[in-house]
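K.L.:
You'll find input_19.pdb just under this line, and it carries PDB, C-alpha atoms and all ligand atoms.
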ATOM      1  CA  MET A  49      41.115  83.152  75.987
ATOM      2  CA  ILE A  50      44.888  82.880  75.733
ATOM      3  CA  VAL A  51      47.038  84.301  78.499
ATOM      4  CA  ALA A  52      50.812  84.513  77.984
ATOM      5  CA  VAL A  53      53.021  84.781  81.052
ATOM      6  CA  ALA A  54      56.275  86.431  79.983
ATOM      7  CA  SER A  55      59.292  88.167  81.466
ATOM      8  CA  GLY A  56      62.271  90.083  80.159
ATOM      9  CA  LYS A  57      64.637  87.574  81.763
ATOM     10  CA  GLY A  58      64.641  84.178  83.434
ATOM     11  CA  GLY A  59      64.358  83.693  87.186
ATOM     12  CA  THR A  60      61.714  86.362  87.866
ATOM     13  CA  GLY A  61      58.942  83.895  88.734
ATOM     14  CA  LYS A  62      57.258  83.488  85.344
ATOM     15  CA  THR A  63      56.735  79.742  85.751
ATOM     16  CA  THR A  64      55.660  80.214  89.379
ATOM     17  CA  VAL A  65      52.918  82.584  88.205
ATOM     18  CA  SER A  66      51.925  80.323  85.285
ATOM     19  CA  ALA A  67      51.560  77.255  87.525
ATOM     20  CA  ALA A  68      49.681  79.233  90.180
ATOM     21  CA  LEU A  69      47.222  80.635  87.611
ATOM     22  CA  VAL A  70      46.587  77.153  86.205
ATOM     23  CA  SER A  71      45.896  75.869  89.727
ATOM     24  CA  VAL A  72      43.057  78.382  90.337
ATOM     25  CA  TRP A  73      41.663  78.734  86.800
ATOM     26  CA  GLU A  74      37.962  77.968  86.903
ATOM     27  CA  ALA A  75      37.236  77.221  83.252
ATOM     28  CA  PRO A  76      38.772  74.294  81.352
ATOM     29  CA  VAL A  77      42.365  75.271  80.725
ATOM     30  CA  ILE A  78      45.371  74.005  78.768
ATOM     31  CA  ALA A  79      48.643  74.659  80.607
ATOM     32  CA  THR A  80      51.184  75.123  77.817
ATOM     33  CA  ASP A  81      54.937  75.333  78.218
ATOM     34  CA  LEU A  82      56.327  77.136  75.166
ATOM     35  CA  ASP A  83      59.719  77.665  76.798
ATOM     36  CA  VAL A  84      60.954  74.762  74.695
ATOM     37  CA  GLU A  85      64.640  75.427  75.364
ATOM     38  CA  GLU A  86      64.197  74.997  79.096
ATOM     39  CA  PRO A  87      60.706  73.742  79.912
ATOM     40  CA  ASN A  88      59.964  73.527  83.640
ATOM     41  CA  LEU A  89      56.215  74.030  84.083
ATOM     42  CA  HIS A  90      55.888  70.234  84.366
ATOM     43  CA  LEU A  91      58.100  70.287  87.476
ATOM     44  CA  PHE A  92      55.343  72.224  89.296
ATOM     45  CA  LEU A  93      52.213  70.768  87.711
ATOM     46  CA  ARG A  94      53.544  67.178  87.618
ATOM     47  CA  PRO A  95      51.354  66.118  84.683
ATOM     48  CA  GLU A  96      50.585  62.575  83.703
ATOM     49  CA  ILE A  97      51.917  62.491  80.141
ATOM     50  CA  SER A  98      49.703  60.441  77.842
ATOM     51  CA  GLU A  99      51.651  60.860  74.607
ATOM     52  CA  THR A 100      55.009  62.102  73.348
ATOM     53  CA  ILE A 101      55.842  62.515  69.683
ATOM     54  CA  LYS A 102      58.940  63.702  67.869
ATOM     55  CA  ALA A 103      58.690  66.862  65.782
ATOM     56  CA  PHE A 104      60.609  67.260  62.527
ATOM     57  CA  LEU A 105      61.415  70.033  60.100
ATOM     58  CA  GLU A 106      61.411  69.425  56.352
ATOM     59  CA  VAL A 107      64.886  70.158  54.957
ATOM     60  CA  PRO A 108      66.203  69.696  51.394
ATOM     61  CA  VAL A 109      68.163  66.645  50.333
ATOM     62  CA  ALA A 110      70.015  67.009  47.037
ATOM     63  CA  ASP A 111      70.314  64.529  44.183
ATOM     64  CA  GLU A 112      73.434  65.767  42.437
ATOM     65  CA  THR A 113      72.855  63.472  39.469
ATOM     66  CA  ARG A 114      69.960  65.754  38.483
ATOM     67  CA  CYS A 115      71.459  69.083  39.576
ATOM     68  CA  THR A 116      72.649  71.502  36.850
ATOM     69  CA  TYR A 117      74.197  73.905  39.417
ATOM     70  CA  CYS A 118      71.989  76.759  38.267
ATOM     71  CA  ALA A 119      72.098  78.163  41.837
ATOM     72  CA  GLN A 120      68.440  79.261  41.848
ATOM     73  CA  CYS A 121      67.980  77.476  45.175
ATOM     74  CA  ALA A 122      71.013  79.193  46.730
ATOM     75  CA  ASP A 123      69.870  82.607  45.476
ATOM     76  CA  LEU A 124      66.435  82.051  46.981
ATOM     77  CA  CYS A 125      67.522  80.832  50.412
ATOM     78  CA  GLN A 126      67.834  83.826  52.752
ATOM     79  CA  PHE A 127      69.340  81.657  55.461
ATOM     80  CA  LYS A 128      72.358  80.478  53.438
ATOM     81  CA  ALA A 129      71.305  76.909  54.098
ATOM     82  CA  ILE A 130      72.078  75.815  50.566
ATOM     83  CA  SER A 131      75.067  76.809  48.444
ATOM     84  CA  VAL A 132      76.456  76.144  44.996
ATOM     85  CA  LEU A 133      80.232  76.267  44.658
ATOM     86  CA  GLY A 134      81.183  75.643  41.040
ATOM     87  CA  GLU A 135      79.917  72.131  40.396
ATOM     88  CA  THR A 136      79.255  71.271  43.987
ATOM     89  CA  LEU A 137      75.970  71.680  45.832
ATOM     90  CA  VAL A 138      76.194  71.901  49.626
ATOM     91  CA  THR A 139      73.268  71.923  52.057
ATOM     92  CA  PHE A 140      73.441  72.989  55.703
ATOM     93  CA  PRO A 141      70.362  71.334  57.230
ATOM     94  CA  GLU A 142      70.986  72.855  60.675
ATOM     95  CA  MET A 143      70.586  76.360  59.151
ATOM     96  CA  CYS A 144      67.412  75.512  57.216
ATOM     97  CA  HIS A 145      64.121  77.075  58.390
ATOM     98  CA  GLY A 146      61.992  74.605  56.463
ATOM     99  CA  CYS A 147      60.251  77.126  54.192
ATOM    100  CA  GLY A 148      60.289  74.655  51.292
ATOM    101  CA  GLY A 149      61.158  77.408  48.783
ATOM    102  CA  CYS A 150      64.195  75.656  47.301
ATOM    103  CA  LEU A 151      62.234  72.451  46.767
ATOM    104  CA  SER A 152      59.536  74.222  44.821
ATOM    105  CA  ILE A 153      61.885  76.416  42.773
ATOM    106  CA  CYS A 154      64.322  73.727  41.562
ATOM    107  CA  PRO A 155      63.666  73.312  37.820
ATOM    108  CA  GLU A 156      65.286  69.847  37.719
ATOM    109  CA  GLY A 157      63.502  68.242  40.670
ATOM    110  CA  ALA A 158      66.958  67.707  42.175
ATOM    111  CA  LEU A 159      65.818  68.482  45.735
ATOM    112  CA  SER A 160      63.594  66.267  47.808
ATOM    113  CA  ALA A 161      62.290  66.571  51.358
ATOM    114  CA  GLY A 162      64.363  65.109  54.154
ATOM    115  CA  THR A 163      63.914  65.733  57.869
ATOM    116  CA  ARG A 164      65.753  67.255  60.798
ATOM    117  CA  GLU A 165      64.595  66.279  64.281
ATOM    118  CA  LEU A 166      63.596  69.355  66.282
ATOM    119  CA  GLY A 167      62.604  67.824  69.570
ATOM    120  CA  GLU A 168      59.564  66.371  71.310
ATOM    121  CA  ILE A 169      55.982  67.402  71.988
ATOM    122  CA  SER A 170      54.247  65.870  75.016
ATOM    123  CA  TRP A 171      50.727  66.202  76.339
ATOM    124  CA  GLY A 172      48.557  64.824  79.070
ATOM    125  CA  ARG A 173      46.747  66.008  82.203
ATOM    126  CA  ALA A 174      47.737  67.802  85.364
ATOM    127  CA  ASP A 175      44.913  67.557  87.914
ATOM    128  CA  GLY A 176      41.980  69.393  86.327
ATOM    129  CA  ALA A 177      44.018  70.957  83.508
ATOM    130  CA  ALA A 178      45.164  69.672  80.166
ATOM    131  CA  PHE A 179      48.921  69.950  79.730
ATOM    132  CA  LEU A 180      51.146  70.497  76.693
ATOM    133  CA  MET A 181      54.861  71.113  76.352
ATOM    134  CA  GLY A 182      57.699  71.070  73.835
ATOM    135  CA  ARG A 183      61.299  70.161  74.504
ATOM    136  CA  LEU A 184      64.023  71.130  72.048
ATOM    137  CA  ARG A 185      66.479  68.393  71.042
ATOM    138  CA  VAL A 186      69.907  68.852  72.613
ATOM    139  CA  GLY A 187      72.071  70.472  69.944
ATOM    140  CA  GLU A 188      69.128  71.986  68.048
ATOM    141  CA  ALA A 189      69.696  75.733  67.752
ATOM    142  CA  MET A 190      66.328  76.999  66.516
ATOM    143  CA  SER A 191      63.312  76.943  68.775
ATOM    144  CA  PRO A 192      60.620  78.714  66.629
ATOM    145  CA  PRO A 193      60.015  75.711  64.306
ATOM    146  CA  LEU A 194      59.379  73.455  67.320
ATOM    147  CA  MET A 195      57.233  76.170  68.899
ATOM    148  CA  ARG A 196      55.166  76.249  65.701
ATOM    149  CA  ALA A 197      54.685  72.489  65.975
ATOM    150  CA  VAL A 198      53.618  72.810  69.647
ATOM    151  CA  LYS A 199      51.177  75.566  68.666
ATOM    152  CA  GLY A 200      49.773  73.302  65.951
ATOM    153  CA  LYS A 201      49.018  70.673  68.611
ATOM    154  CA  LEU A 202      47.649  73.411  70.888
ATOM    155  CA  ASN A 203      45.174  74.498  68.204
ATOM    156  CA  GLU A 204      43.954  70.894  67.911
ATOM    157  CA  MET A 205      43.501  70.709  71.693
ATOM    158  CA  ILE A 206      41.641  74.049  71.795
ATOM    159  CA  ALA A 207      39.298  72.833  69.055
ATOM    160  CA  GLU A 208      38.676  69.570  70.962
ATOM    161  CA  LYS A 209      38.238  71.011  74.439
ATOM    162  CA  SER A 210      37.218  74.667  73.828
ATOM    163  CA  ALA A 211      39.453  75.576  76.743
ATOM    164  CA  ASP A 212      41.343  78.671  77.823
ATOM    165  CA  VAL A 213      45.125  78.570  77.510
ATOM    166  CA  ILE A 214      47.847  79.684  79.893
ATOM    167  CA  ILE A 215      51.224  79.886  78.159
ATOM    168  CA  ASP A 216      54.509  79.838  80.035
ATOM    169  CA  ALA A 217      56.525  81.847  77.479
ATOM    170  CA  PRO A 218      60.301  81.739  77.012
ATOM    171  CA  PRO A 219      62.125  84.483  78.922
ATOM    172  CA  GLY A 220      63.622  87.460  77.096
ATOM    173  CA  VAL A 221      62.466  89.483  74.126
ATOM    174  CA  SER A 222      63.978  87.614  71.196
ATOM    175  CA  CYS A 223      62.121  85.801  68.437
ATOM    176  CA  PRO A 224      60.939  82.804  70.575
ATOM    177  CA  ALA A 225      59.463  85.117  73.250
ATOM    178  CA  VAL A 226      57.596  87.240  70.689
ATOM    179  CA  ASN A 227      56.435  84.070  68.930
ATOM    180  CA  ALA A 228      55.018  82.767  72.242
ATOM    181  CA  VAL A 229      52.995  85.893  73.125
ATOM    182  CA  MET A 230      51.780  86.954  69.684
ATOM    183  CA  ASP A 231      48.513  84.963  69.781
ATOM    184  CA  ALA A 232      47.670  85.913  73.384
ATOM    185  CA  ASP A 233      44.641  87.974  74.427
ATOM    186  CA  VAL A 234      46.480  89.196  77.530
ATOM    187  CA  ILE A 235      50.210  89.349  78.294
ATOM    188  CA  LEU A 236      51.436  89.267  81.873
ATOM    189  CA  LEU A 237      54.893  90.726  82.442
ATOM    190  CA  VAL A 238      56.420  89.143  85.516
ATOM    191  CA  THR A 239      59.134  91.221  87.107
ATOM    192  CA  GLU A 240      60.770  92.002  90.423
ATOM    193  CA  PRO A 241      61.470  95.328  92.119
ATOM    194  CA  THR A 242      65.207  95.448  91.460
ATOM    195  CA  PRO A 243      67.355  97.365  88.930
ATOM    196  CA  PHE A 244      67.669  94.169  86.825
ATOM    197  CA  GLY A 245      63.915  93.655  87.050
ATOM    198  CA  LEU A 246      63.328  97.218  85.870
ATOM    199  CA  TYR A 247      65.760  96.872  82.959
ATOM    200  CA  ASP A 248      64.153  93.654  81.737
ATOM    201  CA  LEU A 249      60.602  94.916  82.283
ATOM    202  CA  LYS A 250      61.354  97.919  80.067
ATOM    203  CA  LEU A 251      62.763  95.639  77.361
ATOM    204  CA  ALA A 252      59.766  93.311  77.475
ATOM    205  CA  HIS A 253      57.218  96.150  77.574
ATOM    206  CA  LYS A 254      58.834  97.875  74.562
ATOM    207  CA  ALA A 255      59.232  94.623  72.616
ATOM    208  CA  PHE A 256      55.625  93.493  73.096
ATOM    209  CA  GLN A 257      53.889  96.898  72.946
ATOM    210  CA  PRO A 258      53.719  96.943  69.105
ATOM    211  CA  LEU A 259      51.571  93.787  69.261
ATOM    212  CA  GLY A 260      48.794  95.963  70.718
ATOM    213  CA  LYS A 261      47.763  93.433  73.389
ATOM    214  CA  PRO A 262      46.629  94.381  76.881
ATOM    215  CA  MET A 263      49.557  93.954  79.261
ATOM    216  CA  GLY A 264      49.743  93.947  83.028
ATOM    217  CA  ALA A 265      52.689  93.667  85.383
ATOM    218  CA  VAL A 266      52.966  91.083  88.128
ATOM    219  CA  ILE A 267      55.548  92.132  90.703
ATOM    220  CA  ASN A 268      57.173  89.108  92.267
ATOM    221  CA  ARG A 269      59.141  89.365  95.524
ATOM    222  CA  ALA A 270      57.319  92.627  96.257
ATOM    223  CA  GLY A 271      58.777  94.492  99.193
ATOM    224  CA  LEU A 272      62.320  93.644  98.171
ATOM    225  CA  GLY A 273      64.544  96.287  96.576
ATOM    226  CA  SER A 274      63.584  99.598  95.030
ATOM    227  CA  THR A 275      60.464 101.420  93.847
ATOM    228  CA  SER A 276      61.773 102.100  90.326
ATOM    229  CA  VAL A 277      59.660  99.304  88.802
ATOM    230  CA  TYR A 278      56.536 100.902  90.301
ATOM    231  CA  ASP A 279      57.598 104.314  88.949
ATOM    232  CA  TYR A 280      58.130 102.886  85.471
ATOM    233  CA  CYS A 281      54.717 101.151  85.468
ATOM    234  CA  SER A 282      52.998 104.349  86.545
ATOM    235  CA  GLU A 283      54.824 106.519  83.971
ATOM    236  CA  SER A 284      54.330 104.100  81.092
ATOM    237  CA  GLY A 285      50.714 103.159  81.842
ATOM    238  CA  VAL A 286      51.354  99.498  82.696
ATOM    239  CA  ASP A 287      48.827  98.378  85.329
ATOM    240  CA  ILE A 288      50.280  96.422  88.226
ATOM    241  CA  ILE A 289      47.733  93.654  88.513
ATOM    242  CA  ALA A 290      49.302  91.584  91.299
ATOM    243  CA  GLU A 291      52.094  91.786  93.833
ATOM    244  CA  ILE A 292      53.438  88.516  95.190
ATOM    245  CA  PRO A 293      55.187  89.285  98.464
ATOM    246  CA  TYR A 294      58.790  88.414  99.207
ATOM    247  CA  ASP A 295      58.317  85.452 101.523
ATOM    248  CA  PRO A 296      60.730  82.610 102.447
ATOM    249  CA  ASP A 297      57.792  80.142 102.393
ATOM    250  CA  ILE A 298      57.241  80.940  98.709
ATOM    251  CA  ALA A 299      60.942  80.360  98.009
ATOM    252  CA  LYS A 300      60.698  77.000  99.826
ATOM    253  CA  ALA A 301      57.609  76.038  97.818
ATOM    254  CA  TYR A 302      59.433  76.959  94.608
ATOM    255  CA  ALA A 303      62.542  74.985  95.575
ATOM    256  CA  GLY A 304      60.374  71.972  96.400
ATOM    257  CA  GLY A 305      58.539  72.165  93.050
ATOM    258  CA  ASN A 306      55.244  73.141  94.691
ATOM    259  CA  VAL A 307      52.634  75.557  93.408
ATOM    260  CA  ILE A 308      52.554  78.712  95.560
ATOM    261  CA  THR A 309      48.775  78.613  95.984
ATOM    262  CA  GLU A 310      49.449  75.698  98.356
ATOM    263  CA  VAL A 311      51.474  77.952 100.678
ATOM    264  CA  SER A 312      48.615  79.898 102.269
ATOM    265  CA  ASP A 313      44.980  80.945 101.851
ATOM    266  CA  ASN A 314      46.176  84.524 101.355
ATOM    267  CA  LEU A 315      48.294  83.531  98.379
ATOM    268  CA  GLN A 316      45.476  81.484  96.950
ATOM    269  CA  THR A 317      43.198  84.535  97.196
ATOM    270  CA  LEU A 318      45.875  86.739  95.645
ATOM    271  CA  ILE A 319      46.214  84.436  92.634
ATOM    272  CA  ARG A 320      42.436  84.051  92.304
ATOM    273  CA  ASN A 321      42.166  87.843  92.201
ATOM    274  CA  LEU A 322      44.887  87.898  89.547
ATOM    275  CA  ALA A 323      42.894  85.379  87.477
ATOM    276  CA  THR A 324      39.756  87.545  87.815
ATOM    277  CA  ARG A 325      41.716  90.619  86.744
ATOM    278  CA  VAL A 326      43.143  88.812  83.714
ATOM    279  CA  ARG A 327      39.661  87.679  82.667
ATOM    280  CA  SER A 328      38.325  91.209  82.893
ATOM    281  CA  MET A 329      41.256  92.549  80.826
ATOM    282  CA  ALA A 330      40.480  89.964  78.135
ATOM    283  CA  LYS A 331      36.744  90.772  78.249
ATOM    284  CA  ASN A 332      37.366  94.515  77.896
ATOM    285  CA  THR A 333      39.589  93.888  74.901
ATOM    286  CA  ALA A 334      36.961  91.665  73.321
ATOM    287  CA  LYS A 335      34.312  94.369  73.905
ATOM    288  CA  ASN A 336      36.559  97.044  72.387
ATOM    289  CA  ASN A 337      37.217  94.836  69.377
ATOM    290  CA  VAL A 338      33.471  94.379  68.834
ATOM    291  CA  ARG A 339      32.966  98.158  69.170
ATOM    292  CA  GLU A 340      35.727  98.841  66.626
ATOM    293  CA  ALA A 341      34.294  96.241  64.241
ATOM    294  CA  LEU A 342      30.814  97.842  64.491
ATOM    295  CA  HIS A 343      32.373 101.255  63.879
ATOM    296  CA  ASP A 344      34.141 100.025  60.740
TER
HETATM  297  S1  LIG B   1      67.922  74.828  41.879
HETATM  298 FE1  LIG B   1      68.071  72.614  41.591
HETATM  299  S2  LIG B   1      69.300  72.392  39.763
HETATM  300 FE2  LIG B   1      69.602  74.474  40.470
HETATM  301  S3  LIG B   1      71.413  74.342  41.789
HETATM  302 FE3  LIG B   1      69.636  74.090  43.097
HETATM  303  S4  LIG B   1      69.346  71.886  43.232
HETATM  304 FE4  LIG B   1      70.671  72.259  41.497
HETATM  305  S1  LIG B   2      63.817  74.997  52.784
HETATM  306 FE1  LIG B   2      63.960  77.250  52.808
HETATM  307  S2  LIG B   2      65.361  77.672  54.476
HETATM  308 FE2  LIG B   2      65.626  75.531  53.978
HETATM  309  S3  LIG B   2      67.305  75.483  52.515
HETATM  310 FE3  LIG B   2      65.406  75.584  51.336
HETATM  311  S4  LIG B   2      65.085  77.775  50.937
HETATM  312 FE4  LIG B   2      66.593  77.605  52.608
END
In structure tokens, what does this structure look like?

P.N.:
Amino acid sequence: MIVAVASGKGGTGKTTVSAALVSVWEAPVIATDLDVEEPNLHLFLRPEISETIKAFLEVPVADETRCTYCAQCADLCQFKAISVLGETLVTFPEMCHGCGGCLSICPEGALSAGTRELGEISWGRADGAAFLMGRLRVGEAMSPPLMRAVKGKLNEMIAEKSADVIIDAPPGVSCPAVNAVMDADVILLVTEPTPFGLYDLKLAHKAFQPLGKPMGAVINRAGLGSTSVYDYCSESGVDIIAEIPYDPDIAKAYAGGNVITEVSDNLQTLIRNLATRVRSMAKNTAKNNVREALHD
């Protein structure tokens, strides 16, 4: 089972919820930080990293002695990462998405594969959980290629350990956030009961709804602010599956890099109940999928 913990904006408690879920998860689990632009799950889980590797993207390198300036590569590239200006060929490796199309289309074999460093992938263990994270290189603008590389490693780890996965997704609703939740069985939308929380919850709900995954809302700092988030959830059919109370002790735990299940037995029970609820959402979806398959 893959659970993605997402939010329409940063600072709502997404990583707090991810770390807390990992801490109570009963089955083998891989805690995965896919927020590669600003990973911080490790600050709470404090993993022992066993290996770190660099990830690269294949980008074209031109040999102008072979190039006939036919411009087929430039016409093919939808990202404008390669251009032909008269008798000059220019590549923009930082704009390349690594599709490899130009390399395969060049009739003269004038393009070969070079590399652009995307960042690092690290893995190890955090107490009972396996741990995996990506970190984008400073100056690298595109996170999806590194996320793909992290997911590749994640698939290897799932095959090795047959474990569940809890993903700390990037905040927002842009391409990296959608990329992080698209393989999940359940998406948790972490929000807070404020006008900003409502605005971002609506964005996230609408962005992820077309994926057809079961979604549930986790209200963080419950008791603070307005009821509009509750109204929205009720009107739009989003189940509120946990409410984490507004509590200075939780804020202190967060500031100290501690997992909130360490704050009190009540919080531990609350997060355990959340984990049970998530499991049952995933099971119901699996059952429905089997029913639909039998119907087909
Ligand atoms: S497709 Fe090959 S030969 Fe044509 S412009 Fe590009 S690099 Fe040069
Ligand atoms: S590999 Fe793909 S994205 Fe990169 S320059 Fe070639 S066609 Fe463009």

K.L.:
Between A:Val107, A:Leu159, A:Ala217, A:Leu69, which has the minimum distance to A:Asn88 (counting only C-alpha atoms)?

P.N.:
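Checking each of A:Val107, A:Leu159, A:Ala217, A:Leu69 against A:Asn88, counting only C-alpha atoms, the winner is A:Ala217.
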
K.L.:
Write out as a ChimeraX atom specification the residues lying within 10 Å of A:Asn321, counting all atoms listed in the file and excluding same-chain residues fewer than 6 positions away.

P.N.:
/A:69,72,289-290,315,327

K.L.:
Would you kindly return, as number ranges by chain, each protein, DNA or RNA residue with an atom no farther than 8 Å from any atom of stretch 188-191 of chain A, considering all atoms listed in the file and excluding same-chain residues fewer than 6 positions away?

P.N.:
A: 84-85, 142, 166-167, 224

K.L.:
Identify, counting only C-alpha atoms and all ligand atoms, the protein, DNA and RNA residues located within 6 Å of ligand LIG 1 (chain B), and give them as a PyMOL selection string.

P.N.:
chain A and resi 115-121+154-156+158-159

K.L.:
In Å, how far is it from atom CA of A:Asn332 to atom CA of A:Gly264?

P.N.:
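For atom CA of A:Asn332 relative to atom CA of A:Gly264, the distance reads 13.4 Å.
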
K.L.:
Can you tell me which residues sit at most 6 Å away from ligand LIG 2 (chain B), counting only C-alpha atoms and all ligand atoms, written as a PyMOL selection string?

P.N.:
chain A and resi 107-108+124-125+127+129-130+144-150

K.L.:
Identify, on the basis of all atoms listed in the file, every residue whose closest approach to A:Ile101 does not exceed 10 Å; exclude the query and any residue fewer than 5 positions from it along the same chain; express the result as a list in words.

P.N.:
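Counting only the stated atoms, we get Gly167, Glu168, Ile169, Ser170, Trp171 and Gly182 of chain A.
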
K.L.:
Looking at A:Arg269, A:Asp83, A:Cys281, A:Asp123, which one is nearest to A:Asp297, with distances taken over all atoms listed in the file?

P.N.:
A:Arg269

K.L.:
Evaluate the PyMOL selection byres (((chain A and resi 211) around 9) and not hetatm) and record the selected residues as a PyMOL selection string, following the chain and residue labels used in the document.

P.N.:
chain A and resi 49+75-78+178+205-210+212-213

K.L.:
Would you kindly return, as a JSON list (two decimals) with C-alpha atoms, in the coordinates of the input, each protein, DNA or RNA residue with an atom no farther than 9 Å from any atom of A:Asn227, considering all atoms listed in the file and excluding same-chain residues fewer than 5 positions away?

P.N.:
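The resulting file, selection26.json, is shown below:
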[["chain", "number", "residue", "atom", "x", "y", "z"],
["A", 192, "PRO", "CA", 60.62, 78.71, 66.63],
["A", 195, "MET", "CA", 57.23, 76.17, 68.90],
["A", 196, "ARG", "CA", 55.17, 76.25, 65.70],
["A", 217, "ALA", "CA", 56.52, 81.85, 77.48],
["A", 222, "SER", "CA", 63.98, 87.61, 71.20]]

K.L.:
Identify the residues around (62.9, 100.7, 89.0) within a radius of 8 Å, measuring from only C-alpha atoms in the coordinates stated by the file, and give them as a ChimeraX atom specification.

P.N.:
/A:241-243,245-247,274-280

K.L.:
Work out how far atom CA of A:Ala228 is from atom CA of A:Glu106, in Å to one decimal.

P.N.:
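Straight-line distance from atom CA of A:Glu106 to atom CA of A:Ala228 works out to 21.7 Å.
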
K.L.:
Go ahead and compute the interatomic distance for atom CA of A:Leu236 and atom CA of A:Val266, in Å to one decimal.

P.N.:
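Going from atom CA of A:Leu236 over to atom CA of A:Val266, I get 6.7 Å.
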
K.L.:
I need the residue nearest A:His90 from this list: A:Val326, A:Met181, A:Val186, A:Ala299. Use all atoms listed in the file for the distance.

P.N.:
A:Met181

K.L.:
Within 12 Å of A:Asp233, counting all atoms listed in the file, which residues show up once you throw out same-chain ones fewer than 4 positions away? Write them as a PyMOL selection string, please.

P.N.:
chain A and resi 49-53+212-215+228-229+259-264+326-334+337

K.L.:
With C-alpha atoms retained, output stretch 101-134 of chain A as a PDB file, in the first residue's frame.

P.N.:
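Saved to part.pdb:
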ATOM      1  CA  ILE A 101      24.336   8.193  -4.812  1.00  0.00           C
ATOM      2  CA  LYS A 102      24.228  11.003  -7.338  1.00  0.00           C
ATOM      3  CA  ALA A 103      21.433  10.994  -9.906  1.00  0.00           C
ATOM      4  CA  PHE A 104      21.990  12.199 -13.465  1.00  0.00           C
ATOM      5  CA  LEU A 105      19.878  13.038 -16.476  1.00  0.00           C
ATOM      6  CA  GLU A 106      20.989  12.088 -19.980  1.00  0.00           C
ATOM      7  CA  VAL A 107      21.351  15.251 -22.084  1.00  0.00           C
ATOM      8  CA  PRO A 108      22.625  15.630 -25.672  1.00  0.00           C
ATOM      9  CA  VAL A 109      26.187  16.607 -26.469  1.00  0.00           C
ATOM     10  CA  ALA A 110      26.766  17.732 -30.051  1.00  0.00           C
ATOM     11  CA  ASP A 111      29.620  16.860 -32.391  1.00  0.00           C
ATOM     12  CA  GLU A 112      29.459  19.719 -34.867  1.00  0.00           C
ATOM     13  CA  THR A 113      31.932  18.027 -37.197  1.00  0.00           C
ATOM     14  CA  ARG A 114      29.163  15.549 -38.065  1.00  0.00           C
ATOM     15  CA  CYS A 115      26.194  17.932 -37.904  1.00  0.00           C
ATOM     16  CA  THR A 116      24.558  18.995 -41.205  1.00  0.00           C
ATOM     17  CA  TYR A 117      22.280  21.546 -39.454  1.00  0.00           C
ATOM     18  CA  CYS A 118      19.157  19.809 -40.712  1.00  0.00           C
ATOM     19  CA  ALA A 119      17.335  20.992 -37.548  1.00  0.00           C
ATOM     20  CA  GLN A 120      15.368  17.750 -37.094  1.00  0.00           C
ATOM     21  CA  CYS A 121      16.494  17.650 -33.462  1.00  0.00           C
ATOM     22  CA  ALA A 122      15.386  21.246 -32.824  1.00  0.00           C
ATOM     23  CA  ASP A 123      12.007  20.622 -34.476  1.00  0.00           C
ATOM     24  CA  LEU A 124      11.471  17.560 -32.306  1.00  0.00           C
ATOM     25  CA  CYS A 125      12.424  19.077 -28.956  1.00  0.00           C
ATOM     26  CA  GLN A 126       9.304  20.528 -27.317  1.00  0.00           C
ATOM     27  CA  PHE A 127      11.375  22.083 -24.558  1.00  0.00           C
ATOM     28  CA  LYS A 128      13.543  24.262 -26.827  1.00  0.00           C
ATOM     29  CA  ALA A 129      16.607  22.632 -25.328  1.00  0.00           C
ATOM     30  CA  ILE A 130      18.347  22.364 -28.671  1.00  0.00           C
ATOM     31  CA  SER A 131      18.440  24.962 -31.438  1.00  0.00           C
ATOM     32  CA  VAL A 132      19.911  25.392 -34.890  1.00  0.00           C
ATOM     33  CA  LEU A 133      20.783  28.939 -35.911  1.00  0.00           C
ATOM     34  CA  GLY A 134      22.129  28.923 -39.457  1.00  0.00           C
TER      35      GLY A 134
END
